Amino acid sequence: MNTEISIRDFSEYPGLRHCNLSDSSGEEYYHSVLNEAFYEAVLKQSVLFVSLDQTAGFAPSFLDEAFGNLVYDFGIDLVQKHLVVISAEEPDLVLTLENETYIEWQERRLKKSVPKKTKNHKPWWQFVDSAFIKTEK
Amino acid sequence: MSLITFNFETGYLIEPVIDVLGILVNAGLAVYITSVIQKSNEDRGRFKDYVIDELRKIIYDLDSLKNDLQSVNISPQEFNRQIKSISVNQKYIIRLLESDFGMSSSQYRDRFYDLKKCVTDLQSFQSSWKSSSKIQLTNREFSIVIDAFNFCKEELSASIRRVTLNNLVKK
């Protein structure tokens, strides 16, 4: 069964890229919500729908960090198979994610260019060498 | 030129009657077609005016946002809220440009995204976030921001020109 979550439930005012710059950052959203929700969707062979609507607007860096980290940790193939980002209000944001963010972060994954973390996070899921592992930093 | 035909039974001339009827029918058709075309042209004109007005509103909203940044009158959160409002409002009109005028708006979409990215990545924007204080741009930042706003406005102005000259694709 597919799952739908909304960033609005995380914050009405999504912040900036990193935790050291703002509350409710893209980094925070990824580590506190998105990583686990996506991992569960993959395990269940289902699709995770993420709605971008009903917030007070996004800095592009929030979305880049949150969804980019997902591609970095799981790879573009799993993300394209198990994630659908939806926005009736700003469909262009979805296009930017699909056409630019995913591709750039997949290149980072291949180059092993590790994303910056600005605070310690609980261990999170990654897909490495065809296996799911929990990583920590 | 028609030949005059005499009907021996009724004693009337037939062809002149038919010619007069033909003229009346043709005249009626001409008036009907002219009025339909005129109405269609007026509708198209009104539709173009509507699209141009909406594009001008977007330019006005962008100018207003730029002025708020220039006069240190807007917080990062409020900037995000206003730029989202512009984005939501312009979505429909961009769709009309594409579907009804056959115009590509990809360049404007890119410019608009660049504008958002440019402002939200600025040091002043980020340093004002936690306190929700008004964004105080440096002179250098402001000139970058002005360029980004102007690129958007140039695209919108070009769209207005194209709408003015363009025929509708969908009629």
# chains A, B, ... in the order shown; residues from 1 in each chain; ligands from 1
call {"tool": "select_by_dssp", "arguments": {"residues": "chain A", "states": "alpha helix (DSSP H)", "output": "ChimeraX atom specification"}}
result
/A:26-29,35-43,60-74,76-82,91-96,102-111
call {"tool": "select_by_dssp", "arguments": {"residues": "region 16-96 of chain A", "states": "strand (DSSP E)", "output": "list of chain:residue names"}}
result
A:Leu48, A:Phe49, A:Val50, A:Ser51, A:Leu83, A:Val84, A:Val85, A:Ile86
call {"tool": "closest_atom_pairs", "arguments": {"of": "chain B", "to": "chain A", "cutoff": "6 Å", "atoms": "only C-alpha atoms", "output": "Markdown table"}}
result
| residue | atom | partner | partner_atom | distance |
| --- | --- | --- | --- | --- |
| B:Asn80 | CA | A:Gly57 | CA | 5.1 |
| B:Arg81 | CA | A:Ala56 | CA | 5.0 |
| B:Lys84 | CA | A:Gly57 | CA | 5.2 |
| B:Val88 | CA | A:Glu89 | CA | 5.7 |
| B:Lys117 | CA | A:Pro60 | CA | 5.8 |
| B:Thr120 | CA | A:Ala59 | CA | 5.9 |
| B:Lys130 | CA | A:Ser22 | CA | 5.7 |
call {"tool": "write_last_selection", "arguments": {"atoms": "N, CA, C and O atoms", "output": "mmCIF file, in the first residue's frame"}}
result
data_model
loop_
_atom_site.group_PDB
_atom_site.id
_atom_site.type_symbol
_atom_site.label_atom_id
_atom_site.label_comp_id
_atom_site.auth_asym_id
_atom_site.auth_seq_id
_atom_site.Cartn_x
_atom_site.Cartn_y
_atom_site.Cartn_z
ATOM 1 N N ASN B 80 10.025 34.226 0.822
ATOM 2 C CA ASN B 80 9.611 32.905 0.314
ATOM 3 C C ASN B 80 8.106 32.853 0.084
ATOM 4 O O ASN B 80 7.636 32.277 -0.896
ATOM 5 N N ARG B 81 7.356 33.458 1.016
ATOM 6 C CA ARG B 81 5.900 33.427 0.899
ATOM 7 C C ARG B 81 5.453 34.203 -0.352
ATOM 8 O O ARG B 81 4.604 33.748 -1.108
ATOM 9 N N LYS B 84 6.432 32.481 -3.624
ATOM 10 C CA LYS B 84 5.535 31.351 -3.877
ATOM 11 C C LYS B 84 4.196 31.860 -4.434
ATOM 12 O O LYS B 84 3.633 31.276 -5.357
ATOM 13 N N VAL B 88 2.556 30.644 -7.864
ATOM 14 C CA VAL B 88 1.227 30.020 -7.980
ATOM 15 C C VAL B 88 0.354 30.824 -8.943
ATOM 16 O O VAL B 88 -0.324 30.258 -9.799
ATOM 17 N N LYS B 117 16.691 31.112 -6.425
ATOM 18 C CA LYS B 117 17.922 30.497 -5.942
ATOM 19 C C LYS B 117 18.948 31.569 -5.588
ATOM 20 O O LYS B 117 19.591 31.505 -4.536
ATOM 21 N N THR B 120 17.810 33.355 -2.271
ATOM 22 C CA THR B 120 17.817 32.518 -1.063
ATOM 23 C C THR B 120 19.210 31.971 -0.727
ATOM 24 O O THR B 120 19.436 31.526 0.386
ATOM 25 N N LYS B 130 17.226 33.021 10.923
ATOM 26 C CA LYS B 130 16.909 32.576 12.289
ATOM 27 C C LYS B 130 16.161 33.638 13.084
ATOM 28 O O LYS B 130 15.287 33.321 13.865
#
call {"tool": "atom_distance", "arguments": {"atom1": "CA of Asn35 (chain A)", "atom2": "CA of Gln54 (chain A)"}}
result
21.5 Å
call {"tool": "residues_around", "arguments": {"residues": "Tyr60 (chain B)", "least_positions_apart": "4", "cutoff": "12 Å", "atoms": "only C-alpha atoms", "output": "PyMOL selection string"}}
result
chain B and resi 53-56+64-67+86+149+152-153+156-157
call {"tool": "closest_residue", "arguments": {"among": "B:Ile160, B:Val20, B:Leu115, B:Ile74", "to": "Val51 (chain B)", "atoms": "only C-alpha atoms"}}
result
B:Ile160
call {"tool": "closest_residue", "arguments": {"among": "A:Glu27, A:Glu36, A:Glu12, A:Asp77", "to": "Glu65 (chain A)", "atoms": "only C-alpha atoms"}}
result
A:Glu27
